[in-house]
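Source file: model.csv (CSV, C-alpha atoms and all ligand atoms)
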```csv
chain,number,residue,atom,x,y,z
Z,1,MET,CA,2.6,-8.6,36.8
Z,2,ALA,CA,-0.1,-10.1,38.8
Z,3,GLU,CA,-1.0,-13.8,38.0
Z,4,ASN,CA,-4.6,-12.8,37.2
Z,5,ASN,CA,-3.3,-10.4,34.6
Z,6,PRO,CA,-0.9,-12.6,32.5
Z,7,LEU,CA,1.3,-11.0,29.8
Z,8,PRO,CA,0.0,-11.3,26.2
Z,9,ARG,CA,1.6,-14.0,24.1
Z,10,VAL,CA,3.1,-12.5,20.9
Z,11,ALA,CA,4.9,-14.3,18.1
Z,12,VAL,CA,7.7,-12.3,16.5
Z,13,ILE,CA,8.6,-13.3,13.0
Z,14,GLY,CA,12.0,-12.1,11.9
Z,15,THR,CA,12.8,-11.1,8.3
Z,16,GLY,CA,15.8,-8.9,8.8
Z,17,GLY,CA,16.1,-5.3,7.8
Z,18,THR,CA,17.8,-2.3,9.5
Z,19,ILE,CA,16.1,-3.2,12.8
Z,20,SER,CA,18.1,-6.5,12.8
Z,21,SER,CA,21.3,-5.1,11.3
Z,22,VAL,CA,24.7,-5.1,13.0
Z,23,GLY,CA,26.9,-2.2,12.2
Z,24,ARG,CA,30.7,-2.1,12.5
Z,25,ASP,CA,30.4,0.1,15.6
Z,26,SER,CA,27.9,2.4,17.3
Z,27,LEU,CA,28.5,5.2,14.8
Z,28,ASP,CA,27.8,3.0,11.8
Z,29,ILE,CA,24.3,4.5,11.2
Z,30,ALA,CA,24.3,4.6,7.3
Z,31,THR,CA,26.6,2.0,5.8
Z,32,TYR,CA,25.8,-0.9,8.1
Z,33,ALA,CA,24.3,-3.0,5.2
Z,34,ASP,CA,27.9,-3.2,3.8
Z,35,ASN,CA,28.8,-5.1,7.0
Z,36,LYS,CA,26.6,-7.9,5.9
Z,37,LYS,CA,25.6,-9.0,9.3
Z,38,LYS,CA,22.0,-9.3,10.6
Z,39,TYR,CA,20.6,-10.8,13.8
Z,40,GLN,CA,18.2,-13.6,13.6
Z,41,VAL,CA,15.0,-12.6,15.4
Z,42,ASP,CA,15.9,-14.5,18.6
Z,43,GLU,CA,19.3,-12.8,18.6
Z,44,LEU,CA,17.6,-9.4,18.1
Z,45,LEU,CA,15.3,-10.1,21.0
Z,46,GLU,CA,18.3,-10.9,23.2
Z,47,GLN,CA,19.6,-7.4,22.6
Z,48,PHE,CA,16.5,-5.9,24.1
Z,49,PRO,CA,15.5,-8.0,27.1
Z,50,GLU,CA,13.0,-5.3,28.2
Z,51,VAL,CA,10.5,-6.9,25.8
Z,52,ALA,CA,10.0,-9.7,28.3
Z,53,ARG,CA,8.3,-7.1,30.6
Z,54,VAL,CA,5.5,-6.5,28.1
Z,55,ALA,CA,4.8,-9.9,26.6
Z,56,ASP,CA,5.6,-13.6,26.5
Z,57,VAL,CA,7.4,-13.6,23.2
Z,58,LEU,CA,7.8,-16.4,20.8
Z,59,PRO,CA,10.6,-15.8,18.3
Z,60,VAL,CA,10.1,-17.4,14.9
Z,61,ARG,CA,12.9,-17.3,12.3
Z,62,PHE,CA,12.0,-16.5,8.7
Z,63,ARG,CA,14.9,-14.6,7.1
Z,64,ALA,CA,17.7,-12.2,8.1
Z,65,VAL,CA,17.9,-10.2,4.9
Z,66,GLY,CA,17.5,-6.6,3.7
Z,67,SER,CA,13.9,-5.9,2.6
Z,68,PRO,CA,14.8,-5.4,-1.1
Z,69,ALA,CA,15.2,-9.2,-1.0
Z,70,ILE,CA,11.5,-9.6,0.0
Z,71,GLY,CA,9.0,-10.2,-2.9
Z,72,PRO,CA,6.1,-12.3,-4.0
Z,73,ALA,CA,7.7,-15.7,-3.2
Z,74,GLU,CA,8.6,-14.5,0.3
Z,75,TRP,CA,5.1,-13.1,0.9
Z,76,ILE,CA,3.6,-16.5,0.1
Z,77,GLU,CA,6.0,-18.2,2.5
Z,78,MET,CA,5.5,-15.6,5.2
Z,79,VAL,CA,1.7,-15.9,5.1
Z,80,GLU,CA,2.0,-19.7,5.3
Z,81,LEU,CA,4.4,-19.3,8.3
Z,82,ILE,CA,2.0,-16.9,10.1
Z,83,HIS,CA,-0.9,-19.5,9.7
Z,84,LYS,CA,1.3,-22.4,10.8
Z,85,THR,CA,2.5,-20.5,13.8
Z,86,ALA,CA,-1.1,-19.7,14.8
Z,87,GLU,CA,-2.1,-23.3,14.4
Z,88,GLU,CA,0.8,-24.6,16.4
Z,89,ASN,CA,0.4,-22.0,19.2
Z,90,PRO,CA,-3.3,-21.7,20.0
Z,91,GLY,CA,-4.0,-18.7,22.2
Z,92,LEU,CA,-1.5,-16.3,20.7
Z,93,ASP,CA,-2.6,-12.7,21.2
Z,94,GLY,CA,-0.8,-11.2,18.2
Z,95,PHE,CA,2.0,-11.2,15.7
Z,96,VAL,CA,4.9,-8.9,15.0
Z,97,VAL,CA,6.9,-9.0,11.8
Z,98,THR,CA,10.3,-7.4,12.0
Z,99,HIS,CA,11.1,-6.0,8.5
Z,100,GLY,CA,13.4,-3.7,6.5
Z,101,THR,CA,11.9,-0.3,5.8
Z,102,ALA,CA,12.5,-0.4,2.0
Z,103,THR,CA,9.5,-2.7,1.3
Z,104,LEU,CA,7.8,-2.6,4.7
Z,105,GLU,CA,4.6,-0.9,3.5
Z,106,GLU,CA,4.3,-3.4,0.6
Z,107,THR,CA,4.6,-6.4,2.9
Z,108,ALA,CA,2.2,-4.8,5.4
Z,109,TYR,CA,-0.5,-4.3,2.7
Z,110,MET,CA,0.0,-7.8,1.3
Z,111,LEU,CA,-0.6,-9.2,4.8
Z,112,ASN,CA,-3.5,-6.9,5.2
Z,113,LEU,CA,-5.1,-8.5,2.2
Z,114,THR,CA,-4.1,-12.2,2.7
Z,115,ALA,CA,-3.5,-13.1,6.4
Z,116,LYS,CA,-6.5,-14.9,7.9
Z,117,VAL,CA,-5.5,-14.9,11.5
Z,118,ASP,CA,-7.9,-13.2,13.9
Z,119,VAL,CA,-5.3,-11.4,16.0
Z,120,PRO,CA,-3.4,-8.2,15.3
Z,121,ILE,CA,-0.4,-8.4,13.0
Z,122,VAL,CA,2.1,-5.5,13.4
Z,123,VAL,CA,4.9,-4.8,11.0
Z,124,VAL,CA,7.9,-3.0,12.5
Z,125,GLY,CA,11.2,-1.6,11.3
Z,126,ALA,CA,13.8,0.9,12.3
Z,127,GLN,CA,15.8,3.6,10.7
Z,128,ARG,CA,18.9,3.0,12.7
Z,129,PRO,CA,20.5,-0.4,13.1
Z,130,ALA,CA,20.2,-2.3,16.3
Z,131,THR,CA,23.8,-1.6,17.2
Z,132,ALA,CA,23.7,2.2,16.5
Z,133,LEU,CA,24.0,5.0,19.0
Z,134,SER,CA,20.4,6.1,19.8
Z,135,THR,CA,18.9,3.3,17.7
Z,136,ASP,CA,15.2,3.2,17.3
Z,137,ALA,CA,15.2,-0.6,17.0
Z,138,GLY,CA,14.6,-1.5,20.6
Z,139,LEU,CA,11.8,0.9,21.4
Z,140,ASN,CA,10.1,0.3,18.0
Z,141,LEU,CA,10.3,-3.5,18.7
Z,142,LEU,CA,8.9,-3.1,22.2
Z,143,ASN,CA,6.1,-0.9,21.1
Z,144,ALA,CA,5.2,-3.2,18.2
Z,145,ILE,CA,4.9,-6.0,20.7
Z,146,ARG,CA,2.8,-3.9,23.0
Z,147,VAL,CA,0.5,-3.0,20.1
Z,148,ALA,CA,0.2,-6.7,18.9
Z,149,GLY,CA,-0.7,-7.8,22.4
Z,150,ALA,CA,-3.3,-5.0,23.1
Z,151,PRO,CA,-7.0,-6.0,22.8
Z,152,GLU,CA,-7.7,-2.6,21.3
Z,153,SER,CA,-5.6,-3.5,18.3
Z,154,ARG,CA,-8.0,-6.2,17.2
Z,155,GLY,CA,-10.2,-5.5,14.1
Z,156,LEU,CA,-8.0,-2.8,12.7
Z,157,GLY,CA,-6.2,-4.8,10.0
Z,158,VAL,CA,-2.5,-5.0,9.7
Z,159,LEU,CA,-0.7,-2.2,11.6
Z,160,VAL,CA,2.7,-0.5,11.2
Z,161,VAL,CA,4.5,0.8,14.2
Z,162,LEU,CA,7.6,3.0,14.2
Z,163,ASN,CA,8.6,6.2,16.0
Z,164,ASP,CA,5.7,5.9,18.6
Z,165,GLU,CA,3.1,6.0,15.8
Z,166,ILE,CA,0.6,3.3,14.8
Z,167,GLN,CA,-0.5,3.5,11.1
Z,168,ALA,CA,-2.8,1.5,8.8
Z,169,ALA,CA,-1.1,-0.9,6.4
Z,170,ARG,CA,-3.2,0.3,3.4
Z,171,GLU,CA,-2.2,4.0,3.7
Z,172,VAL,CA,1.2,4.2,5.3
Z,173,VAL,CA,4.2,5.1,3.1
Z,174,LYS,CA,7.9,5.6,3.7
Z,175,THR,CA,8.6,9.3,2.9
Z,176,SER,CA,12.2,10.0,3.9
Z,177,THR,CA,15.5,8.2,3.4
Z,178,MET,CA,17.0,8.7,6.9
Z,179,ARG,CA,14.6,10.5,9.2
Z,180,LEU,CA,13.1,8.6,12.1
Z,181,HIS,CA,9.6,10.0,11.3
Z,182,THR,CA,9.8,8.5,7.8
Z,183,PHE,CA,6.5,6.5,7.8
Z,184,ARG,CA,3.6,8.8,7.1
Z,185,THR,CA,-0.1,8.5,6.2
Z,186,PRO,CA,-0.8,11.3,3.7
Z,187,ASP,CA,-4.2,13.0,4.1
Z,188,PHE,CA,-5.4,10.9,7.0
Z,189,GLY,CA,-2.6,10.6,9.6
Z,190,VAL,CA,-1.9,8.1,12.3
Z,191,LEU,CA,-4.4,5.7,13.9
Z,192,GLY,CA,-2.8,6.2,17.3
Z,193,HIS,CA,0.3,6.4,19.5
Z,194,THR,CA,2.3,4.0,21.6
Z,195,ASP,CA,2.4,6.2,24.7
Z,196,ALA,CA,4.3,5.0,27.8
Z,197,ASP,CA,1.2,4.5,29.8
Z,198,LYS,CA,-1.2,3.1,27.2
Z,199,ILE,CA,-1.8,2.3,23.5
Z,200,ALA,CA,-3.9,5.2,22.5
Z,201,TYR,CA,-6.1,4.9,19.4
Z,202,TYR,CA,-8.1,7.7,17.7
Z,203,ARG,CA,-9.2,6.3,14.3
Z,204,LYS,CA,-10.2,3.1,12.6
Z,205,PRO,CA,-9.6,2.0,9.0
Z,206,VAL,CA,-12.9,1.6,7.1
Z,207,ARG,CA,-11.6,-0.4,4.0
Z,208,ARG,CA,-12.1,-4.2,4.1
Z,209,HIS,CA,-9.0,-5.9,5.6
Z,210,SER,CA,-7.5,-9.0,7.1
Z,211,PRO,CA,-8.7,-11.5,8.2
Z,212,ASP,CA,-12.0,-10.9,6.3
Z,213,THR,CA,-10.8,-10.8,2.7
Z,214,GLU,CA,-11.4,-12.6,-0.6
Z,215,PHE,CA,-7.7,-13.4,-1.2
Z,216,ASP,CA,-5.8,-16.5,-0.1
Z,217,ILE,CA,-2.3,-17.0,-1.5
Z,218,ARG,CA,-1.4,-20.1,0.6
Z,219,GLY,CA,-0.2,-23.0,-1.5
Z,220,ARG,CA,0.5,-20.8,-4.6
Z,221,LYS,CA,3.9,-21.0,-6.3
Z,222,ASP,CA,3.9,-17.3,-7.3
Z,223,LEU,CA,1.6,-14.4,-8.1
Z,224,PRO,CA,0.7,-13.0,-11.5
Z,225,ARG,CA,3.3,-10.6,-12.8
Z,226,VAL,CA,2.4,-6.9,-12.5
Z,227,ASP,CA,4.7,-4.1,-13.4
Z,228,ILE,CA,4.7,-0.4,-12.7
Z,229,ALA,CA,5.0,2.1,-15.6
Z,230,PHE,CA,6.3,5.5,-14.4
Z,231,SER,CA,5.0,8.6,-16.2
Z,232,TYR,CA,7.2,11.7,-16.8
Z,233,ALA,CA,7.4,14.5,-19.3
Z,234,GLY,CA,8.4,12.9,-22.7
Z,235,ALA,CA,8.1,9.3,-21.6
Z,236,ASP,CA,7.4,6.8,-24.4
Z,237,GLY,CA,6.0,3.3,-24.5
Z,238,THR,CA,9.4,1.4,-24.3
Z,239,ALA,CA,9.0,0.2,-20.7
Z,240,ILE,CA,5.3,-0.7,-21.2
Z,241,ASP,CA,6.1,-2.7,-24.3
Z,242,ALA,CA,8.9,-4.5,-22.4
Z,243,PHE,CA,6.7,-5.4,-19.5
Z,244,VAL,CA,4.1,-6.9,-22.0
Z,245,ALA,CA,7.0,-8.8,-23.7
Z,246,ALA,CA,8.1,-10.1,-20.3
Z,247,GLY,CA,4.7,-11.6,-19.6
Z,248,ALA,CA,3.0,-8.9,-17.4
Z,249,LYS,CA,-0.6,-9.8,-16.7
Z,250,GLY,CA,-1.2,-6.3,-15.3
Z,251,ILE,CA,0.4,-2.9,-15.5
Z,252,VAL,CA,0.0,-0.1,-12.9
Z,253,THR,CA,0.6,3.4,-14.2
Z,254,ALA,CA,2.4,5.7,-11.8
Z,255,SER,CA,0.9,8.5,-13.8
Z,256,MET,CA,1.1,12.3,-13.6
Z,257,LEU,CA,-1.4,14.0,-11.2
Z,258,PRO,CA,-4.4,14.0,-11.2
Z,259,GLY,CA,-4.0,10.7,-13.1
Z,260,SER,CA,-3.0,11.1,-16.7
Z,261,SER,CA,-0.4,9.7,-19.1
Z,262,ASN,CA,1.0,11.2,-22.3
Z,263,GLN,CA,-0.1,10.0,-25.7
Z,264,ALA,CA,2.9,7.7,-26.3
Z,265,GLN,CA,2.3,5.9,-23.1
Z,266,LEU,CA,-1.5,5.8,-23.7
Z,267,ASP,CA,-0.8,4.1,-27.1
Z,268,ALA,CA,1.3,1.5,-25.5
Z,269,LEU,CA,-1.2,0.9,-22.7
Z,270,ASN,CA,-4.1,0.6,-25.1
Z,271,ALA,CA,-2.1,-1.9,-27.1
Z,272,ALA,CA,-1.3,-3.9,-24.0
Z,273,ALA,CA,-5.0,-3.9,-22.9
Z,274,LYS,CA,-5.9,-5.3,-26.3
Z,275,LYS,CA,-3.6,-8.2,-25.6
Z,276,GLY,CA,-5.5,-8.9,-22.3
Z,277,VAL,CA,-3.2,-7.0,-19.9
Z,278,VAL,CA,-5.2,-5.3,-17.2
Z,279,ILE,CA,-4.3,-1.7,-16.7
Z,280,ALA,CA,-4.7,0.1,-13.3
Z,281,GLN,CA,-4.1,3.8,-13.1
Z,282,SER,CA,-2.6,5.3,-10.0
Z,283,VAL,CA,-0.6,8.5,-9.5
Z,284,ARG,CA,3.2,8.7,-9.2
Z,285,ASN,CA,3.5,10.7,-6.0
Z,286,GLY,CA,1.7,12.9,-3.5
Z,287,SER,CA,-1.8,11.8,-2.5
Z,288,GLY,CA,-5.4,11.8,-3.5
Z,289,ARG,CA,-8.0,9.7,-5.2
Z,290,LEU,CA,-8.4,9.3,-9.0
Z,291,VAL,CA,-11.7,10.7,-10.1
Z,292,LYS,CA,-13.4,9.5,-13.3
Z,293,ILE,CA,-12.2,11.7,-16.1
Z,294,ARG,CA,-11.5,10.6,-19.7
Z,295,SER,CA,-8.7,12.8,-20.9
Z,296,GLY,CA,-5.2,11.3,-20.5
Z,297,ARG,CA,-6.6,7.9,-19.5
Z,298,PRO,CA,-6.3,4.5,-21.3
Z,299,GLU,CA,-9.4,3.4,-23.1
Z,300,VAL,CA,-10.0,0.7,-20.5
Z,301,ALA,CA,-8.4,0.9,-17.1
Z,302,VAL,CA,-9.2,0.3,-13.4
Z,303,LEU,CA,-8.8,3.3,-11.2
Z,304,ALA,CA,-6.6,2.6,-8.2
Z,305,ASP,CA,-8.5,4.9,-5.9
Z,306,ASN,CA,-5.9,6.6,-3.7
Z,307,LEU,CA,-3.4,3.7,-3.5
Z,308,PRO,CA,0.2,4.5,-4.4
Z,309,PRO,CA,1.5,2.5,-7.3
Z,310,THR,CA,3.4,0.0,-5.2
Z,311,LYS,CA,0.2,-0.9,-3.3
Z,312,ALA,CA,-2.0,-0.8,-6.4
Z,313,ARG,CA,0.4,-3.4,-7.8
Z,314,ILE,CA,-0.2,-5.7,-4.8
Z,315,LEU,CA,-3.9,-5.4,-5.0
Z,316,LEU,CA,-3.8,-6.0,-8.8
Z,317,MET,CA,-1.6,-9.1,-8.4
Z,318,LEU,CA,-4.1,-10.5,-5.9
Z,319,ALA,CA,-7.1,-9.5,-8.0
Z,320,LEU,CA,-5.6,-11.3,-11.0
Z,321,THR,CA,-5.5,-14.5,-9.0
Z,322,LYS,CA,-9.3,-14.4,-9.2
Z,323,THR,CA,-10.3,-12.6,-12.4
Z,324,ALA,CA,-9.2,-10.6,-15.4
Z,325,ASN,CA,-12.5,-8.8,-15.7
Z,326,THR,CA,-11.9,-5.0,-15.3
Z,327,ALA,CA,-15.4,-4.4,-13.8
Z,328,ASP,CA,-14.8,-7.1,-11.1
Z,329,ILE,CA,-11.3,-5.7,-10.5
Z,330,GLN,CA,-12.7,-2.2,-10.1
Z,331,ARG,CA,-15.0,-3.5,-7.4
Z,332,LEU,CA,-12.0,-4.9,-5.6
Z,333,PHE,CA,-10.2,-1.6,-5.8
Z,334,ASP,CA,-13.3,0.1,-4.5
Z,335,THR,CA,-13.5,-2.3,-1.6
Z,336,TYR,CA,-9.9,-2.8,-0.4
O,1,LIG,N1,16.9,-0.5,4.9
O,1,LIG,C1,17.2,-1.8,4.4
O,1,LIG,C2,16.0,-2.7,4.4
O,1,LIG,O1,15.0,-2.3,4.0
O,1,LIG,C3,18.3,-2.5,5.3
O,1,LIG,C4,19.6,-2.5,4.6
O,1,LIG,C5,19.8,-3.8,3.8
O,1,LIG,O2,20.3,-4.7,4.4
O,1,LIG,O3,19.5,-3.8,2.6
O,1,LIG,O4,16.0,-3.8,4.8
```
Represent the structure contained in this file as structure tokens.
Amino acid sequence: MAENNPLPRVAVIGTGGTISSVGRDSLDIATYADNKKKYQVDELLEQFPEVARVADVLPVRFRAVGSPAIGPAEWIEMVELIHKTAEENPGLDGFVVTHGTATLEETAYMLNLTAKVDVPIVVVGAQRPATALSTDAGLNLLNAIRVAGAPESRGLGVLVVLNDEIQAAREVVKTSTMRLHTFRTPDFGVLGHTDADKIAYYRKPVRRHSPDTEFDIRGRKDLPRVDIAFSYAGADGTAIDAFVAAGAKGIVTASMLPGSSNQAQLDALNAAAKKGVVIAQSVRNGSGRLVKIRSGRPEVAVLADNLPPTKARILLMLALTKTANTADIQRLFDTY
């Protein structure tokens, strides 16, 4: 690289996940988690020295865990670490967060709503462990670093990169247990591709996103408890009552499409709402926005737009840090 064209400086925050996992041998493609060995982020980067050709990389250790172990406490700490790293390293061009794929889309959306740094944040995972034959860990990591360091990535919110595809944190979901093309954006598709010769973008997210958001979780001990109530034929109010008894401040319904719950669940939801629990209605699978209809809906509920239940939960947790007023929370769901 010519001196007048320096490499971008990218901080890589390691959390663990399949991308960092060490299998028993190169054919350990599925049961590697049982081996209980994960690289710290600097060790992971050592496995793929090619990354030094695309960026000046700063490894930052956070965790080396499977992503089922990531939750609200880790999100608060992660956001604080991103800000601390930005403050201590002025001039960083971007961040990469290496992450397990199980909760990757949840962490990406949380960062998309709470990180206040003005450079790209790219969340990356892999479907095959770093040690596997034909692992996707190395190329996904390298491509995520390229995306984080690319000026074109600024202003798009938090991005997710796997399998040569760049997707928006708000919309991307994991859709397949084992396939490499597991991350998908239903209805809308990818933002762009990590081609060999350039980072090629085609679309921009329009919903409000990091760093320009109303939410700041730094300094918090935890986030308000929000649970997800799944709807299915014959479901009753048992789970909803239990969530209320456990202290839920909000409940997201993963309701039947196009957004309805059966009467037993509605009774439990209406009773919860009377106790001050905020209800947000989303749909249990598939895609699409909830339109305003009355039938099958709780008496008072926020509509979660087209967010899947897991992401509606994140936005409701953040909304409840500011207000319990359903009209105000509806505005947040219409904005983010
Ligand atoms: N796919 C898992 C994850 O999301 C990795 C396996 C594990 O260690 O739990 O992190």
Could you report the residues within 8 Å of ligand LIG 1 (chain O), using all atoms listed in the file, as a tab-separated table (two decimals) with C-alpha atoms, in the coordinates of the input?
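Okay, this is what ended up in part_3.tsv:
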```
chain	number	residue	atom	x	y	z
Z	16	GLY	CA	15.80	-8.90	8.80
Z	17	GLY	CA	16.10	-5.30	7.80
Z	18	THR	CA	17.80	-2.30	9.50
Z	19	ILE	CA	16.10	-3.20	12.80
Z	21	SER	CA	21.30	-5.10	11.30
Z	32	TYR	CA	25.80	-0.90	8.10
Z	33	ALA	CA	24.30	-3.00	5.20
Z	34	ASP	CA	27.90	-3.20	3.80
Z	36	LYS	CA	26.60	-7.90	5.90
Z	38	LYS	CA	22.00	-9.30	10.60
Z	65	VAL	CA	17.90	-10.20	4.90
Z	66	GLY	CA	17.50	-6.60	3.70
Z	67	SER	CA	13.90	-5.90	2.60
Z	68	PRO	CA	14.80	-5.40	-1.10
Z	69	ALA	CA	15.20	-9.20	-1.00
Z	99	HIS	CA	11.10	-6.00	8.50
Z	100	GLY	CA	13.40	-3.70	6.50
Z	101	THR	CA	11.90	-0.30	5.80
Z	102	ALA	CA	12.50	-0.40	2.00
Z	103	THR	CA	9.50	-2.70	1.30
Z	104	LEU	CA	7.80	-2.60	4.70
Z	127	GLN	CA	15.80	3.60	10.70
```
| task | Using all atoms listed in the file, give me every residue within 12 Å of (-8.0, 5.0, -12.5) in file coordinates, as an MDAnalysis selection string. | result | chainID Z and resid 251:261 278:283 288:309 312 326 329:330 333:334
Take the residues from that selection and put them in a file with C-alpha atoms, as an mmCIF file, keeping the file's coordinate frame.
```cif
data_model
loop_
_atom_site.group_PDB
_atom_site.id
_atom_site.type_symbol
_atom_site.label_atom_id
_atom_site.label_comp_id
_atom_site.auth_asym_id
_atom_site.auth_seq_id
_atom_site.Cartn_x
_atom_site.Cartn_y
_atom_site.Cartn_z
ATOM 1 C CA ILE Z 251 0.400 -2.900 -15.500
ATOM 2 C CA VAL Z 252 0.000 -0.100 -12.900
ATOM 3 C CA THR Z 253 0.600 3.400 -14.200
ATOM 4 C CA ALA Z 254 2.400 5.700 -11.800
ATOM 5 C CA SER Z 255 0.900 8.500 -13.800
ATOM 6 C CA MET Z 256 1.100 12.300 -13.600
ATOM 7 C CA LEU Z 257 -1.400 14.000 -11.200
ATOM 8 C CA PRO Z 258 -4.400 14.000 -11.200
ATOM 9 C CA GLY Z 259 -4.000 10.700 -13.100
ATOM 10 C CA SER Z 260 -3.000 11.100 -16.700
ATOM 11 C CA SER Z 261 -0.400 9.700 -19.100
ATOM 12 C CA VAL Z 278 -5.200 -5.300 -17.200
ATOM 13 C CA ILE Z 279 -4.300 -1.700 -16.700
ATOM 14 C CA ALA Z 280 -4.700 0.100 -13.300
ATOM 15 C CA GLN Z 281 -4.100 3.800 -13.100
ATOM 16 C CA SER Z 282 -2.600 5.300 -10.000
ATOM 17 C CA VAL Z 283 -0.600 8.500 -9.500
ATOM 18 C CA GLY Z 288 -5.400 11.800 -3.500
ATOM 19 C CA ARG Z 289 -8.000 9.700 -5.200
ATOM 20 C CA LEU Z 290 -8.400 9.300 -9.000
ATOM 21 C CA VAL Z 291 -11.700 10.700 -10.100
ATOM 22 C CA LYS Z 292 -13.400 9.500 -13.300
ATOM 23 C CA ILE Z 293 -12.200 11.700 -16.100
ATOM 24 C CA ARG Z 294 -11.500 10.600 -19.700
ATOM 25 C CA SER Z 295 -8.700 12.800 -20.900
ATOM 26 C CA GLY Z 296 -5.200 11.300 -20.500
ATOM 27 C CA ARG Z 297 -6.600 7.900 -19.500
ATOM 28 C CA PRO Z 298 -6.300 4.500 -21.300
ATOM 29 C CA GLU Z 299 -9.400 3.400 -23.100
ATOM 30 C CA VAL Z 300 -10.000 0.700 -20.500
ATOM 31 C CA ALA Z 301 -8.400 0.900 -17.100
ATOM 32 C CA VAL Z 302 -9.200 0.300 -13.400
ATOM 33 C CA LEU Z 303 -8.800 3.300 -11.200
ATOM 34 C CA ALA Z 304 -6.600 2.600 -8.200
ATOM 35 C CA ASP Z 305 -8.500 4.900 -5.900
ATOM 36 C CA ASN Z 306 -5.900 6.600 -3.700
ATOM 37 C CA LEU Z 307 -3.400 3.700 -3.500
ATOM 38 C CA PRO Z 308 0.200 4.500 -4.400
ATOM 39 C CA PRO Z 309 1.500 2.500 -7.300
ATOM 40 C CA ALA Z 312 -2.000 -0.800 -6.400
ATOM 41 C CA THR Z 326 -11.900 -5.000 -15.300
ATOM 42 C CA ILE Z 329 -11.300 -5.700 -10.500
ATOM 43 C CA GLN Z 330 -12.700 -2.200 -10.100
ATOM 44 C CA PHE Z 333 -10.200 -1.600 -5.800
ATOM 45 C CA ASP Z 334 -13.300 0.100 -4.500
#
```
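Non-sequential neighbours of Asp222 in chain Z (distance at most 10 Å, separation of 5 or more positions within a chain, all atoms listed in the file) are Z:Gly71, Z:Pro72, Z:Ala73, Z:Glu74, Z:Trp75, Z:Ile76, Z:Ile217, Z:Met317, Z:Thr321.
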Using the file's own x, y and z axes, what box holds all listed atoms of range 265-271 of chain Z with 3 Å on each side, keeping edges along x, y and z, and what are its centre and edge lengths in Å to one decimal, as JSON?
```
{"center_x": -0.9, "center_y": 2.0, "center_z": -24.9, "size_x": 12.4, "size_y": 13.8, "size_z": 10.4}
```
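All protein and nucleic acid residues in the vicinity of (13.4, -14.6, 23.6), that is within 9 Å when counting only C-alpha atoms, are Val41, Asp42, Glu43, Leu44, Leu45, Glu46, Pro49, Val51, Ala52, Asp56, Val57, Leu58 and Pro59 of chain Z.
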| task | Point out the residue among Z:Tyr109, Z:Phe95, Z:Phe243, Z:Phe215 with the least atom-to-atom distance to Gln167 in chain Z, counting all atoms listed in the file. | result | Z:Tyr109
Taking 5 positions as the minimum chain separation for residues in the same chain, which residues sit within 6 Å of Val160 in chain Z when counting only C-alpha atoms? Answer as a PDB file with C-alpha atoms, in the frame of the given file.
```
ATOM      1  CA  VAL Z 122       2.100  -5.500  13.400  1.00  0.00           C
ATOM      2  CA  VAL Z 123       4.900  -4.800  11.000  1.00  0.00           C
ATOM      3  CA  VAL Z 124       7.900  -3.000  12.500  1.00  0.00           C
ATOM      4  CA  ILE Z 166       0.600   3.300  14.800  1.00  0.00           C
ATOM      5  CA  GLN Z 167      -0.500   3.500  11.100  1.00  0.00           C
TER       6      GLN Z 167
END
```
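Using only C-alpha atoms for every distance, the candidate list Z:Leu162, Z:Leu7, Z:Ile314, Z:Ala272 yields Z:Ile314 as the residue closest to Arg225 in chain Z.
The closest residue to Arg146 in chain Z, picked from Z:Leu266, Z:Ala11, Z:Val206, Z:Ala168 and counting all atoms listed in the file, is Z:Ala11.
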| Which of these, Z:Gln263, Z:Gly219, Z:Ala248, Z:Leu320, has the shortest distance to Asp236 in chain Z once you count all atoms listed in the file? | Z:Gln263
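For the atom pair formed by CA of Leu81 in chain Z and CA of Asp93 in chain Z, the distance is 16.1 Å, given to one decimal.
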